[in-house]
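Printed here is coords03.cif (mmCIF, C-alpha atoms):
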data_data
#
loop_
_atom_site.label_atom_id
_atom_site.label_comp_id
_atom_site.auth_asym_id
_atom_site.auth_seq_id
_atom_site.Cartn_x
_atom_site.Cartn_y
_atom_site.Cartn_z
CA MET A 19 -47.22 -7.53 -27.71
CA ASN A 20 -43.49 -7.95 -27.84
CA GLY A 21 -43.40 -11.14 -25.80
CA THR A 22 -42.05 -9.45 -22.65
CA PRO A 23 -44.00 -10.47 -19.55
CA GLN A 24 -45.83 -7.57 -17.96
CA SER A 25 -45.24 -7.03 -14.25
CA ASP A 26 -47.98 -6.07 -11.89
CA PRO A 27 -47.26 -2.67 -10.24
CA ASP A 28 -48.74 -4.07 -7.02
CA ASP A 29 -45.90 -6.64 -6.92
CA PHE A 30 -43.24 -3.94 -6.58
CA LYS A 31 -41.23 -4.19 -3.38
CA ASP A 32 -39.26 -1.09 -2.44
CA PRO A 33 -35.73 -2.27 -1.55
CA LEU A 34 -35.28 0.74 0.72
CA ASN A 35 -38.49 0.10 2.62
CA ASN A 36 -36.61 -1.50 5.51
CA TYR A 37 -33.54 0.70 5.21
CA GLU A 38 -31.87 1.57 8.46
CA PRO A 39 -29.60 4.62 8.28
CA THR A 40 -26.00 4.04 9.26
CA GLN A 41 -25.28 4.72 12.89
CA TYR A 42 -21.94 6.46 13.43
CA ALA A 43 -19.86 6.43 16.61
CA SER A 44 -19.55 10.21 16.43
CA GLU A 45 -20.40 13.22 14.32
CA LEU A 46 -16.78 13.20 13.10
CA HIS A 47 -17.27 9.71 11.68
CA ARG A 48 -20.44 10.84 9.93
CA VAL A 49 -18.72 13.85 8.39
CA LEU A 50 -15.82 11.70 7.14
CA ALA A 51 -18.19 9.18 5.56
CA GLU A 52 -21.05 11.31 4.29
CA GLU A 53 -20.09 14.96 3.74
CA ALA A 54 -18.80 15.68 0.25
CA ILE A 55 -15.43 17.26 -0.42
CA ASP A 56 -17.44 19.99 -2.14
CA ASP A 57 -18.54 21.07 1.38
CA MET A 58 -14.91 21.66 2.33
CA GLN A 59 -12.86 24.60 1.09
CA SER A 60 -10.77 23.34 -1.82
CA THR A 61 -10.17 26.64 -3.57
CA PRO A 62 -8.21 28.62 -4.44
CA SER A 63 -5.56 26.59 -6.18
CA ALA A 64 -2.71 27.83 -8.31
CA GLN A 65 -2.26 26.37 -11.78
CA VAL A 66 0.36 26.37 -14.50
CA THR A 67 0.36 24.80 -17.94
CA VAL A 68 2.52 21.82 -18.77
CA ASP A 69 4.68 24.15 -20.93
CA THR A 70 5.41 26.68 -18.18
CA SER A 71 9.13 26.89 -17.55
CA ILE A 72 10.54 25.42 -14.37
CA ARG A 73 11.85 28.91 -13.60
CA GLY A 74 8.36 30.37 -13.99
CA ALA A 75 6.81 27.66 -11.85
CA THR A 76 9.36 27.99 -9.03
CA GLU A 77 8.96 31.77 -9.06
CA MET A 78 5.20 31.31 -8.85
CA LEU A 79 5.57 28.97 -5.85
CA SER A 80 7.66 31.63 -4.13
CA GLU A 81 5.53 34.64 -5.05
CA LEU A 82 2.24 32.99 -4.07
CA LYS A 83 3.77 31.42 -0.96
CA VAL A 84 2.26 28.03 -1.87
CA SER A 85 3.90 24.63 -1.86
CA SER A 86 2.22 23.14 -4.93
CA LEU A 87 0.91 24.04 -8.35
CA LEU A 88 -1.60 22.04 -10.35
CA VAL A 89 -0.28 21.37 -13.86
CA VAL A 90 -2.89 21.42 -16.61
CA LYS A 91 -3.06 20.82 -20.31
CA GLY A 92 -6.13 22.66 -21.52
CA GLU A 93 -8.65 21.98 -18.76
CA THR A 94 -7.23 18.56 -17.91
CA LEU A 95 -5.07 17.94 -14.85
CA VAL A 96 -1.87 16.18 -15.91
CA GLY A 97 0.29 16.59 -12.81
CA ILE A 98 1.29 18.51 -9.75
CA PHE A 99 4.51 20.47 -9.20
CA THR A 100 5.55 20.73 -5.56
CA GLU A 101 8.34 22.02 -3.37
CA ARG A 102 9.45 18.40 -3.09
CA ASP A 103 9.81 18.22 -6.89
CA VAL A 104 11.99 21.34 -6.75
CA LEU A 105 14.22 19.85 -4.05
CA GLU A 106 14.45 16.32 -5.44
CA LYS A 107 14.48 16.94 -9.20
CA VAL A 108 15.53 20.52 -9.88
CA ALA A 109 17.65 22.17 -7.17
CA GLU A 110 20.93 20.41 -7.92
CA ASN A 111 20.78 21.27 -11.65
CA TYR A 112 18.63 24.40 -11.58
CA ALA A 113 20.77 26.37 -14.06
CA ALA A 114 20.51 23.59 -16.66
CA LEU A 115 16.81 22.89 -16.07
CA ALA A 116 15.34 26.36 -15.40
CA ASP A 117 14.10 26.94 -18.94
CA GLN A 118 12.75 23.40 -19.46
CA PRO A 119 8.98 22.84 -19.24
CA VAL A 120 7.61 21.98 -15.81
CA GLY A 121 5.98 18.95 -17.42
CA GLU A 122 9.40 17.26 -17.45
CA VAL A 123 9.78 17.30 -13.66
CA MET A 124 6.22 17.42 -12.31
CA SER A 125 4.67 14.49 -10.49
CA ALA A 126 2.46 13.05 -13.23
CA ASP A 127 -0.91 11.40 -12.65
CA PRO A 128 -1.32 12.52 -9.04
CA THR A 129 -3.79 10.97 -6.65
CA VAL A 130 -7.03 12.92 -7.05
CA VAL A 131 -10.41 13.10 -5.39
CA TYR A 132 -13.72 14.27 -6.80
CA GLU A 133 -15.97 16.97 -5.42
CA THR A 134 -18.65 14.36 -4.64
CA ASP A 135 -16.30 12.01 -2.75
CA PRO A 136 -16.65 11.94 1.03
CA VAL A 137 -14.27 14.04 3.11
CA GLY A 138 -12.64 10.82 4.31
CA MET A 139 -11.34 10.25 0.77
CA ALA A 140 -9.42 13.53 0.94
CA LEU A 141 -7.97 12.47 4.28
CA ALA A 142 -7.00 9.09 2.81
CA GLY A 143 -5.28 10.79 -0.12
CA ILE A 144 -3.24 12.82 2.33
CA ALA A 145 -2.56 10.27 5.07
CA VAL A 146 -2.58 6.89 3.35
CA ALA A 147 -1.21 7.85 -0.06
CA GLY A 148 1.30 10.18 1.59
CA HIS A 149 0.51 13.35 -0.34
CA ARG A 150 0.41 16.78 1.27
CA HIS A 151 -1.80 18.19 -1.45
CA VAL A 152 -4.50 16.34 -3.33
CA PRO A 153 -6.18 17.86 -6.40
CA VAL A 154 -9.98 18.01 -6.40
CA LEU A 155 -11.75 17.43 -9.71
CA LYS A 156 -15.30 18.23 -10.67
CA VAL A 157 -17.44 15.30 -11.80
CA ASP A 158 -16.72 16.27 -15.43
CA GLY A 159 -12.97 15.85 -14.77
CA THR A 160 -12.03 19.54 -14.80
CA VAL A 161 -10.00 21.02 -11.96
CA MET A 162 -11.96 22.36 -9.01
CA GLY A 163 -9.17 22.99 -6.49
CA ILE A 164 -6.88 21.30 -4.03
CA VAL A 165 -7.12 19.97 -0.48
CA SER A 166 -4.34 20.08 2.04
CA PRO A 167 -3.98 18.88 5.62
CA LYS A 168 -4.67 22.43 6.80
CA ARG A 169 -7.94 22.65 4.85
CA VAL A 170 -9.09 19.22 6.03
CA LEU A 171 -8.26 20.03 9.66
CA ARG A 172 -10.08 23.37 9.41
CA HIS A 173 -13.16 21.55 8.11
CA LEU A 174 -13.04 18.81 10.76
CA SER A 175 -12.08 20.98 13.75
CA PRO A 176 -15.69 21.59 14.92
CA TYR A 177 -16.11 17.81 15.26
CA LEU A 178 -12.90 17.09 17.17
CA ASP A 179 -13.24 16.46 20.90
#
Do you think you could lay out the structure here as structure tokens?
Amino acid sequence: MNGTPQSDPDDFKDPLNNYEPTQYASELHRVLAEEAIDDMQSTPSAQVTVDTSIRGATEMLSELKVSSLLVVKGETLVGIFTERDVLEKVAENYAALADQPVGEVMSADPTVVYETDPVGMALAGIAVAGHRHVPVLKVDGTVMGIVSPKRVLRHLSPYLD
């Protein structure tokens, strides 16, 4: 014997025995709280590496008709490059900055959500944090995609009255 008291299996009390499931005011509230972001369309997303030139990144925004690019180093998200970054950080000095790496002007360490987070977290990242696009990461930290107001609204539209 190692001196540890032995517990009687008959003494076990299941803490979930009296569990009452959460009651939501509406199906919309349930979806926001319980459905995972993984259930919502978060792909495709466009990506560039941190070393991509600003010229290359702005051309990619234009060609793909998207307003943001996820910036990665290897498989790790390091930032996001958006139309706002172009307007606020690049446009005035485009000629001087065009060949610099996008990593110098991207928005570093963006607000992110994980595929297992509830849909409400994506909405919070957009509405509360004030971001139009929020990167979605897999549980292992690699990039899964991106959510936008349009994607969230498309997912929630069946539940709106």
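Compared by their closest atoms to A:Glu93, and using all atoms listed in the file, the residues A:Asp127, A:Asp158, A:Glu122, A:Glu77 rank with A:Asp158 nearest.
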What's around A:Val157 at 10 Å? Count only C-alpha atoms, leave out sequence neighbours fewer than 3 positions away in its own chain, and write the answer as a short mmCIF file (atom, residue, chain, number, x, y, z; two decimals) with C-alpha atoms, keeping the file's coordinate frame.
data_model
loop_
_atom_site.label_atom_id
_atom_site.label_comp_id
_atom_site.auth_asym_id
_atom_site.auth_seq_id
_atom_site.Cartn_x
_atom_site.Cartn_y
_atom_site.Cartn_z
CA VAL A 131 -10.41 13.10 -5.39
CA TYR A 132 -13.72 14.27 -6.80
CA GLU A 133 -15.97 16.97 -5.42
CA THR A 134 -18.65 14.36 -4.64
CA ASP A 135 -16.30 12.01 -2.75
CA VAL A 154 -9.98 18.01 -6.40
CA THR A 160 -12.03 19.54 -14.80
CA VAL A 161 -10.00 21.02 -11.96
CA MET A 162 -11.96 22.36 -9.01
#
* Do you know which residues lie at most 12 Å from (-20.7, 19.4, 3.2), with coordinates as in the file and all atoms listed in the file counted, and could you write them as a list in words? ->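 Here is the list of nearby residues: Arg48, Val49, Leu50, Ala51, Glu52, Glu53, Ala54, Ile55, Asp56, Asp57, Met58, Gln59, Ser60, Glu133, Thr134, Asp135, Pro136, Val137, Gly138, Val170, His173 and Leu174 of chain A.
The coordinates place atom CA of A:Pro62 at 15.1 Å from atom CA of A:Val90.
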* To do: Measure the distance from atom CA of A:Gln118 to atom CA of A:Ile164 in Å and round it to one decimal.
  => 25.1 Å
* In Å to one decimal, how far is atom CA of A:Gln65 from atom CA of A:Val130? ->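 Pair atom CA of A:Val130 / atom CA of A:Gln65 returns 15.0 Å.
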Can you tell me which residues surround stretch 142-147 of chain A at a distance of at most 7 Å, considering only C-alpha atoms, apart from same-chain residues fewer than 5 positions away, and format the answer as an mmCIF file with C-alpha atoms, keeping the file's coordinate frame?
data_model
loop_
_atom_site.group_PDB
_atom_site.id
_atom_site.type_symbol
_atom_site.label_atom_id
_atom_site.label_comp_id
_atom_site.auth_asym_id
_atom_site.auth_seq_id
_atom_site.Cartn_x
_atom_site.Cartn_y
_atom_site.Cartn_z
ATOM 1 C CA THR A 129 -3.790 10.970 -6.650
ATOM 2 C CA VAL A 152 -4.500 16.340 -3.330
ATOM 3 C CA PRO A 167 -3.980 18.880 5.620
#
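When the PyMOL selection byres ((chain A and resi 76) around 9) is evaluated on the file shown here, the picked residues come out as Ser71, Ile72, Arg73, Gly74, Ala75, Glu77, Met78, Leu79, Ser80, Glu81, Phe99, Thr100, Glu101, Val104 and Ala116 of chain A.
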* **Output check: residues returned by the PyMOL selection byres ((chain A and resi 98) around 7), as a list in words** => Ser86, Leu87, Leu88, Val89, Gly97, Phe99, Thr100, Met124, Ser125, Ala126 and Pro128 of chain A
* Counting only C-alpha atoms, the option among A:Gly121, A:Pro33, A:Pro153, A:Gly148 closest to A:Lys91 ->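 So, comparing all the options, the nearest one is A:Gly121.
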* To do: Anything within 12 Å of (0.5, 20.8, 8.3): list those residues as a VMD selection string, counting only C-alpha atoms and sticking to the file's coordinates.
  => chain A and resid 85 144 to 145 149 to 151 165 to 172
* To do: Name the closest residue to A:Val84 among the candidates A:Val96, A:Ala64, A:Leu115, A:Ala140; distances are taken between atoms, counting all atoms listed in the file.
  =>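 The closest residue to A:Val84 is A:Ala64.
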* **Using all atoms listed in the file: which of A:Leu155, A:Asn35, A:Val123, A:Ser44 has the shortest distance to A:Arg102** =>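 Of the candidates, the smallest distance to A:Arg102 is held by A:Val123.
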Since fewer atoms than expected are present, regenerate N, CA and C atoms for stretch 42-73 of chain A and write them as a PDB file, in the frame of the given file.
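File part_10.pdb, as written:
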ATOM      1  N   TYR A  42     -23.363   6.140  13.296  1.00  0.00           N
ATOM      2  CA  TYR A  42     -21.940   6.460  13.430  1.00  0.00           C
ATOM      3  C   TYR A  42     -21.589   6.636  14.899  1.00  0.00           C
ATOM      4  N   ALA A  43     -20.341   6.315  15.231  1.00  0.00           N
ATOM      5  CA  ALA A  43     -19.860   6.430  16.610  1.00  0.00           C
ATOM      6  C   ALA A  43     -19.801   7.883  17.052  1.00  0.00           C
ATOM      7  N   SER A  44     -19.622   8.788  16.090  1.00  0.00           N
ATOM      8  CA  SER A  44     -19.550  10.210  16.430  1.00  0.00           C
ATOM      9  C   SER A  44     -19.911  11.035  15.202  1.00  0.00           C
ATOM     10  N   GLU A  45     -20.122  12.306  15.425  1.00  0.00           N
ATOM     11  CA  GLU A  45     -20.400  13.220  14.320  1.00  0.00           C
ATOM     12  C   GLU A  45     -19.197  13.316  13.387  1.00  0.00           C
ATOM     13  N   LEU A  46     -17.996  13.204  13.928  1.00  0.00           N
ATOM     14  CA  LEU A  46     -16.780  13.200  13.100  1.00  0.00           C
ATOM     15  C   LEU A  46     -16.810  12.042  12.112  1.00  0.00           C
ATOM     16  N   HIS A  47     -17.182  10.869  12.572  1.00  0.00           N
ATOM     17  CA  HIS A  47     -17.270   9.710  11.680  1.00  0.00           C
ATOM     18  C   HIS A  47     -18.306   9.934  10.582  1.00  0.00           C
ATOM     19  N   ARG A  48     -19.420  10.548  10.934  1.00  0.00           N
ATOM     20  CA  ARG A  48     -20.440  10.840   9.930  1.00  0.00           C
ATOM     21  C   ARG A  48     -19.927  11.803   8.876  1.00  0.00           C
ATOM     22  N   VAL A  49     -19.260  12.859   9.316  1.00  0.00           N
ATOM     23  CA  VAL A  49     -18.720  13.850   8.390  1.00  0.00           C
ATOM     24  C   VAL A  49     -17.714  13.202   7.438  1.00  0.00           C
ATOM     25  N   LEU A  50     -16.825  12.373   7.972  1.00  0.00           N
ATOM     26  CA  LEU A  50     -15.820  11.700   7.140  1.00  0.00           C
ATOM     27  C   LEU A  50     -16.455  10.791   6.104  1.00  0.00           C
ATOM     28  N   ALA A  51     -17.557  10.148   6.457  1.00  0.00           N
ATOM     29  CA  ALA A  51     -18.190   9.180   5.560  1.00  0.00           C
ATOM     30  C   ALA A  51     -19.224   9.789   4.620  1.00  0.00           C
ATOM     31  N   GLU A  52     -19.896  10.853   5.053  1.00  0.00           N
ATOM     32  CA  GLU A  52     -21.050  11.310   4.290  1.00  0.00           C
ATOM     33  C   GLU A  52     -20.928  12.707   3.688  1.00  0.00           C
ATOM     34  N   GLU A  53     -20.186  13.609   4.308  1.00  0.00           N
ATOM     35  CA  GLU A  53     -20.090  14.960   3.740  1.00  0.00           C
ATOM     36  C   GLU A  53     -19.170  14.936   2.530  1.00  0.00           C
ATOM     37  N   ALA A  54     -19.581  15.638   1.487  1.00  0.00           N
ATOM     38  CA  ALA A  54     -18.800  15.680   0.250  1.00  0.00           C
ATOM     39  C   ALA A  54     -17.639  16.658   0.359  1.00  0.00           C
ATOM     40  N   ILE A  55     -16.596  16.365  -0.366  1.00  0.00           N
ATOM     41  CA  ILE A  55     -15.430  17.260  -0.420  1.00  0.00           C
ATOM     42  C   ILE A  55     -15.857  18.647  -0.859  1.00  0.00           C
ATOM     43  N   ASP A  56     -16.901  18.716  -1.670  1.00  0.00           N
ATOM     44  CA  ASP A  56     -17.440  19.990  -2.140  1.00  0.00           C
ATOM     45  C   ASP A  56     -17.833  20.891  -0.968  1.00  0.00           C
ATOM     46  N   ASP A  57     -18.171  20.300   0.194  1.00  0.00           N
ATOM     47  CA  ASP A  57     -18.540  21.070   1.380  1.00  0.00           C
ATOM     48  C   ASP A  57     -17.321  21.681   2.072  1.00  0.00           C
ATOM     49  N   MET A  58     -16.161  21.211   1.714  1.00  0.00           N
ATOM     50  CA  MET A  58     -14.910  21.660   2.330  1.00  0.00           C
ATOM     51  C   MET A  58     -14.254  22.666   1.393  1.00  0.00           C
ATOM     52  N   GLN A  59     -13.551  23.627   1.940  1.00  0.00           N
ATOM     53  CA  GLN A  59     -12.860  24.600   1.090  1.00  0.00           C
ATOM     54  C   GLN A  59     -11.737  23.913   0.322  1.00  0.00           C
ATOM     55  N   SER A  60     -11.829  23.931  -1.002  1.00  0.00           N
ATOM     56  CA  SER A  60     -10.770  23.340  -1.820  1.00  0.00           C
ATOM     57  C   SER A  60     -10.222  24.362  -2.817  1.00  0.00           C
ATOM     58  N   THR A  61     -10.677  25.573  -2.716  1.00  0.00           N
ATOM     59  CA  THR A  61     -10.170  26.640  -3.570  1.00  0.00           C
ATOM     60  C   THR A  61      -9.685  27.768  -2.683  1.00  0.00           C
ATOM     61  N   PRO A  62      -8.793  28.577  -3.102  1.00  0.00           N
ATOM     62  CA  PRO A  62      -8.210  28.620  -4.440  1.00  0.00           C
ATOM     63  C   PRO A  62      -7.108  27.582  -4.610  1.00  0.00           C
ATOM     64  N   SER A  63      -6.733  27.407  -5.860  1.00  0.00           N
ATOM     65  CA  SER A  63      -5.560  26.590  -6.180  1.00  0.00           C
ATOM     66  C   SER A  63      -4.821  27.309  -7.294  1.00  0.00           C
ATOM     67  N   ALA A  64      -3.527  27.187  -7.284  1.00  0.00           N
ATOM     68  CA  ALA A  64      -2.710  27.830  -8.310  1.00  0.00           C
ATOM     69  C   ALA A  64      -2.415  26.806  -9.409  1.00  0.00           C
ATOM     70  N   GLN A  65      -2.465  27.260 -10.641  1.00  0.00           N
ATOM     71  CA  GLN A  65      -2.260  26.370 -11.780  1.00  0.00           C
ATOM     72  C   GLN A  65      -1.228  26.934 -12.738  1.00  0.00           C
ATOM     73  N   VAL A  66      -0.536  26.023 -13.398  1.00  0.00           N
ATOM     74  CA  VAL A  66       0.360  26.370 -14.500  1.00  0.00           C
ATOM     75  C   VAL A  66       0.074  25.380 -15.625  1.00  0.00           C
ATOM     76  N   THR A  67       0.503  25.737 -16.828  1.00  0.00           N
ATOM     77  CA  THR A  67       0.360  24.800 -17.940  1.00  0.00           C
ATOM     78  C   THR A  67       1.584  23.901 -17.979  1.00  0.00           C
ATOM     79  N   VAL A  68       1.445  22.801 -18.650  1.00  0.00           N
ATOM     80  CA  VAL A  68       2.520  21.820 -18.770  1.00  0.00           C
ATOM     81  C   VAL A  68       3.761  22.433 -19.429  1.00  0.00           C
ATOM     82  N   ASP A  69       3.569  23.500 -20.222  1.00  0.00           N
ATOM     83  CA  ASP A  69       4.680  24.150 -20.930  1.00  0.00           C
ATOM     84  C   ASP A  69       5.335  25.285 -20.159  1.00  0.00           C
ATOM     85  N   THR A  70       4.797  25.631 -18.997  1.00  0.00           N
ATOM     86  CA  THR A  70       5.410  26.680 -18.180  1.00  0.00           C
ATOM     87  C   THR A  70       6.829  26.270 -17.839  1.00  0.00           C
ATOM     88  N   SER A  71       7.744  27.224 -17.875  1.00  0.00           N
ATOM     89  CA  SER A  71       9.130  26.890 -17.550  1.00  0.00           C
ATOM     90  C   SER A  71       9.269  26.549 -16.067  1.00  0.00           C
ATOM     91  N   ILE A  72      10.248  25.758 -15.763  1.00  0.00           N
ATOM     92  CA  ILE A  72      10.540  25.420 -14.370  1.00  0.00           C
ATOM     93  C   ILE A  72      10.845  26.695 -13.596  1.00  0.00           C
ATOM     94  N   ARG A  73      11.559  27.622 -14.227  1.00  0.00           N
ATOM     95  CA  ARG A  73      11.850  28.910 -13.600  1.00  0.00           C
ATOM     96  C   ARG A  73      10.543  29.630 -13.254  1.00  0.00           C
TER      97      ARG A  73
END
